[in-house]
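Before any comments, here is the structure.
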Amino acid sequence: MATKSLRAKSAAQSVPFTFIDLFAGIGGMRLAFDSVGGRCVFTSEWNKFAQQTYAANHRDNRPVEGDITKVDTDDIPDHDVLVAGFPCQPFSIAGVSKKNSLGRKHGFEDETQGTLFFDVARVIKAKRPAAFLLENVKNLKSHDKGRTFDVILRTLREELGYHVEFAIIDGNGFVPQHRERMVIVGFRDKTAFSFADLVLPEKGSRKLGDILHPEDGSEKAEAPFTEGPLATVNPKYILTDGLWRYLQGYAEKHRAKGNGFGFGLVGANDVTRTLSARYYKDGSEILVSRGEGLVPRRLTPRECARLMGYPESFRIPVSDTQAYKQFGNSVAVPAFAAVARHMLPHLAQVLARPEAA
């Protein structure tokens with residue numbers, strides 16, 4: 001339910017609106033919607049380390065709520081837009097493979113995470129926001145031969161009555177990283193919203209060198225990531241000789257079998273693979289070349305933040321392990337800011353209609 005103060009005078013003008021941030025992580029979607037004039041009025045995130053990073057960067061005079069399944073909808077403020085990156089592990093390729101290997105169910109059969117979409121639906125049904133944006137992994141569309149995605153769309157369209165569009169958007173172009181994500185946008189009333197006219201930057205227009213520490217003294221050292229007068233990368237991010245030999249051997253073994261498994265070695269002029277939450281383990285999907293014959297290194301957490309489009313002012317108050325998990329689970333912020341901006345004129349139309357009062 002929107003308040004009269006949030007009515008837009010025209011679709012072309014700024015659209016002040018409220019939104020809630022569910023499964024908020026460290027606030028990547030929050031930053032995207034803040035950047036286009038939104039005001040966050042409620043946040044839910046269950047992970048205590050993500051809560052710590054979120055609180056360090058979003059100084060609200062209200063707590064970050066925990067488990068959304070335990071939050072009554074009466075305790076959630078009315079809002080114009082619902083934003084949610086509901087847990088993707090049950091639907092991701094890596095997540096499904098892991099659960100299969102453990103003999104566990106996945107998707108909507110997963111009793112802990114797969115059903116969390118229905119908590120999003122529960123909030124939408126109770127609060128009837130003017131619009132929503134949901135984010136998940138690309139594999140959501142094909143999971144269980146498309147049946148999972150069909151249930152989601154039918155729930156949003158038929159049970160909740162929203163006009164829904166979806167697209168797979170690659171963050172490549174906004175950031176120097178291949179990062180395809182399923183984006184689902186819905187409006188309470190019919191609008192002309194379409195992803196077809198969303199203008200995206202050219203893929204490959206950003207390179208890894210744009211986000212690497214220059215190590216030439218042109219940036220201030222930031223412990224523990226960089227050190228010394230030249231702000232050189234802390235040696236702890238260089239792989240050990242043993243780990244590097246292991247990764248090379250592992251890749252060679254799979255190449256001999258015709259598989260594509262292996263490390264991703266990249267330089268300043270490259271675009272990286274997708275940063276994942278497992279990056280803390282060995283960094284193998286994105287290893288930064290240090291030159292011929294030298295052992296490569298991991299990205300620092302600050303470089304991971306940049307790779308995801310976070311501003312330099314973003315605070316990283318947690319351990320490297322937690323930071324790698326957090327950025328690997330996050331969204332490419334500028335990509336979602338572009339989607340939020342694309343939604344604005346259509347949001348203005350819905351908010352301006354009498355039934356939104």
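In the structure tokens, each chain is lettered A, B, ... as it comes, each chain's residues begin at 1, and ligands are numbered from 1 in order of appearance.
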
- DSSP strand (DSSP E or B) residues within stretch 40-246 of chain A, listed as a ChimeraX atom specification: /A:40-44,65,81-84,131-137,163-170,172,175,177,180-187,226-227,232-233,238

Test item: residues at most 9 Å from A:Ala24, only C-alpha atoms, excluding those fewer than 6 positions along its chain, as a PDB file with C-alpha atoms, in the first residue's frame:
```
ATOM      1  CA  ARG A  30      19.525  -2.382  -1.438  1.00  0.00           C
ATOM      2  CA  THR A  43      15.252  -5.720   5.901  1.00  0.00           C
ATOM      3  CA  SER A  44      15.410  -9.453   6.507  1.00  0.00           C
ATOM      4  CA  GLU A  45      18.599 -11.550   6.484  1.00  0.00           C
ATOM      5  CA  TRP A  46      19.244 -14.589   8.638  1.00  0.00           C
ATOM      6  CA  ALA A  50      25.906 -10.910   6.446  1.00  0.00           C
ATOM      7  CA  GLN A  51      23.919  -8.939   9.034  1.00  0.00           C
ATOM      8  CA  TYR A  54      24.848  -5.002   6.099  1.00  0.00           C
ATOM      9  CA  VAL A  83      12.944  -6.853  -3.530  1.00  0.00           C
ATOM     10  CA  ALA A  84      14.131 -10.396  -2.856  1.00  0.00           C
ATOM     11  CA  GLY A  85      17.047 -12.540  -3.892  1.00  0.00           C
ATOM     12  CA  PHE A  86      15.564 -15.703  -2.448  1.00  0.00           C
ATOM     13  CA  SER A 330      25.721 -11.160  -3.984  1.00  0.00           C
TER      14      SER A 330
END
```

- Item | Non-local contacts of stretch 283-290 of chain A (8 Å; only C-alpha atoms; under 6 positions in same chain excluded) as an NGL selection string | :A and (247 or 262-267 or 272-275 or 296-299)

Taking C-alpha atoms for each residue, export the selection above as a short mmCIF file (atom, residue, chain, number, x, y, z; two decimals), in the first residue's frame.
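In the end it all went to selection_7.cif:
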```cif
data_model
loop_
_atom_site.label_atom_id
_atom_site.label_comp_id
_atom_site.auth_asym_id
_atom_site.auth_seq_id
_atom_site.Cartn_x
_atom_site.Cartn_y
_atom_site.Cartn_z
CA LEU A 247 45.08 -27.25 -9.17
CA GLY A 262 39.85 -26.61 -14.01
CA PHE A 263 41.05 -23.28 -12.77
CA GLY A 264 40.40 -19.95 -14.45
CA LEU A 265 43.63 -17.99 -14.90
CA VAL A 266 42.98 -14.39 -15.93
CA GLY A 267 44.91 -11.23 -16.62
CA THR A 272 36.36 -13.49 -15.30
CA ARG A 273 34.20 -16.49 -14.65
CA THR A 274 31.36 -16.15 -12.16
CA LEU A 275 32.52 -15.44 -8.64
CA PRO A 296 48.99 -16.76 -9.31
CA ARG A 297 46.96 -15.19 -6.55
CA ARG A 298 43.39 -14.91 -5.42
CA LEU A 299 41.43 -11.70 -5.69
#
```

Counting only C-alpha atoms, which residues of stretch 304-336 of chain A fall within 12 Å of stretch 130-135 of chain A, and what is the closest atom pair for each with its distance in Å at one decimal, ordered by chain and rising number, as a tab-separated table?
```
residue	atom	partner	partner_atom	distance
A:Asn329	CA	A:Glu135	CA	11.5
A:Ser330	CA	A:Glu135	CA	10.3
A:Val331	CA	A:Glu135	CA	8.6
A:Ala332	CA	A:Glu135	CA	11.2
A:Ala335	CA	A:Glu135	CA	11.6
A:Phe336	CA	A:Glu135	CA	9.4
```

- All residues 10 Å or closer to stretch 225-230 of chain A, only C-alpha atoms, same chain fewer than 2 positions away omitted, as a ChimeraX atom specification: /A:213-223,232-237,299-303,320

For the selection just defined, write its residues with N, CA and C atoms to a file, as a compact mmCIF listing (two decimals), in the first residue's frame.
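Output below, filename part_37.txt:
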```txt
# COMPACT_ATOMS: atom_id res chain seq x y z
N HIS A 213 43.98 -4.09 -7.81
CA HIS A 213 44.83 -3.13 -7.12
C HIS A 213 45.97 -2.75 -8.06
N PRO A 214 46.21 -1.46 -8.30
CA PRO A 214 47.26 -1.07 -9.24
C PRO A 214 48.67 -1.35 -8.75
N GLU A 215 48.85 -1.41 -7.45
CA GLU A 215 50.17 -1.72 -6.84
C GLU A 215 51.27 -0.76 -7.28
N ASP A 216 50.91 0.48 -7.52
CA ASP A 216 51.90 1.46 -7.96
C ASP A 216 51.87 2.73 -7.10
N GLY A 217 51.19 2.64 -5.96
CA GLY A 217 51.11 3.79 -5.08
C GLY A 217 49.99 4.76 -5.40
N SER A 218 49.21 4.48 -6.45
CA SER A 218 48.14 5.41 -6.84
C SER A 218 46.89 5.23 -5.99
N GLU A 219 46.83 4.15 -5.20
CA GLU A 219 45.75 4.02 -4.23
C GLU A 219 46.36 3.81 -2.85
N LYS A 220 45.64 4.23 -1.84
CA LYS A 220 46.11 4.11 -0.47
C LYS A 220 46.05 2.66 -0.02
N ALA A 221 47.07 2.23 0.70
CA ALA A 221 47.08 0.86 1.22
C ALA A 221 45.90 0.64 2.15
N GLU A 222 45.29 -0.53 2.04
CA GLU A 222 44.14 -0.90 2.87
C GLU A 222 44.41 -2.26 3.49
N ALA A 223 44.84 -2.25 4.74
CA ALA A 223 45.08 -3.51 5.43
C ALA A 223 43.75 -4.24 5.67
N THR A 232 50.89 -2.67 -2.36
CA THR A 232 51.00 -3.95 -3.04
C THR A 232 50.11 -4.98 -2.35
N VAL A 233 49.67 -5.96 -3.11
CA VAL A 233 48.78 -6.98 -2.57
C VAL A 233 49.51 -7.81 -1.52
N ASN A 234 48.85 -8.01 -0.40
CA ASN A 234 49.39 -8.81 0.68
C ASN A 234 49.77 -10.20 0.15
N PRO A 235 50.99 -10.68 0.43
CA PRO A 235 51.43 -11.98 -0.08
C PRO A 235 50.54 -13.15 0.33
N LYS A 236 49.72 -12.97 1.37
CA LYS A 236 48.87 -14.08 1.80
C LYS A 236 47.85 -14.48 0.74
N TYR A 237 47.62 -13.59 -0.25
CA TYR A 237 46.65 -13.93 -1.29
C TYR A 237 47.29 -14.71 -2.44
N LEU A 299 41.90 -13.07 -5.87
CA LEU A 299 41.43 -11.70 -5.69
C LEU A 299 41.40 -11.40 -4.20
N THR A 300 41.65 -10.17 -3.83
CA THR A 300 41.42 -9.77 -2.44
C THR A 300 39.92 -9.52 -2.25
N PRO A 301 39.42 -9.54 -1.03
CA PRO A 301 38.02 -9.19 -0.82
C PRO A 301 37.64 -7.82 -1.39
N ARG A 302 38.55 -6.85 -1.32
CA ARG A 302 38.24 -5.54 -1.91
C ARG A 302 38.06 -5.66 -3.41
N GLU A 303 38.90 -6.45 -4.07
CA GLU A 303 38.74 -6.65 -5.50
C GLU A 303 37.45 -7.39 -5.82
N ASP A 320 38.17 -12.73 5.79
CA ASP A 320 38.26 -12.99 4.34
C ASP A 320 37.31 -14.11 3.94
```

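In this comparison, which uses only C-alpha atoms, the residue of A:Gly249, A:Gly242, A:Gly309, A:Pro317 approaching A:Arg206 most closely is A:Gly309.
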
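The gap separating atom CA of A:Pro201 from atom CA of A:Phe174 is 6.6 Å, in Å to one decimal.
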
- Message: I want to know what sits within 9 Å of A:Ala32, based on only C-alpha atoms, with residues of the same chain fewer than 6 positions away left out; could you give that as number ranges by chain?
- Response: A: 38, 333-341

- Message: Would you compute the distance between atom CA of A:Val137 and atom CA of A:Asp60? Give it in Å to one decimal.
- Response: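 We find that atom CA of A:Val137 and atom CA of A:Asp60 lie 28.9 Å from each other.
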
- Task: Rank A:Ile184, A:Asp67, A:Asn269, A:Ala55 by their smallest atom-to-atom distance to A:Ile26, using only C-alpha atoms, and report the top residue only.
- Result: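 The closest residue to A:Ile26 is A:Ala55.
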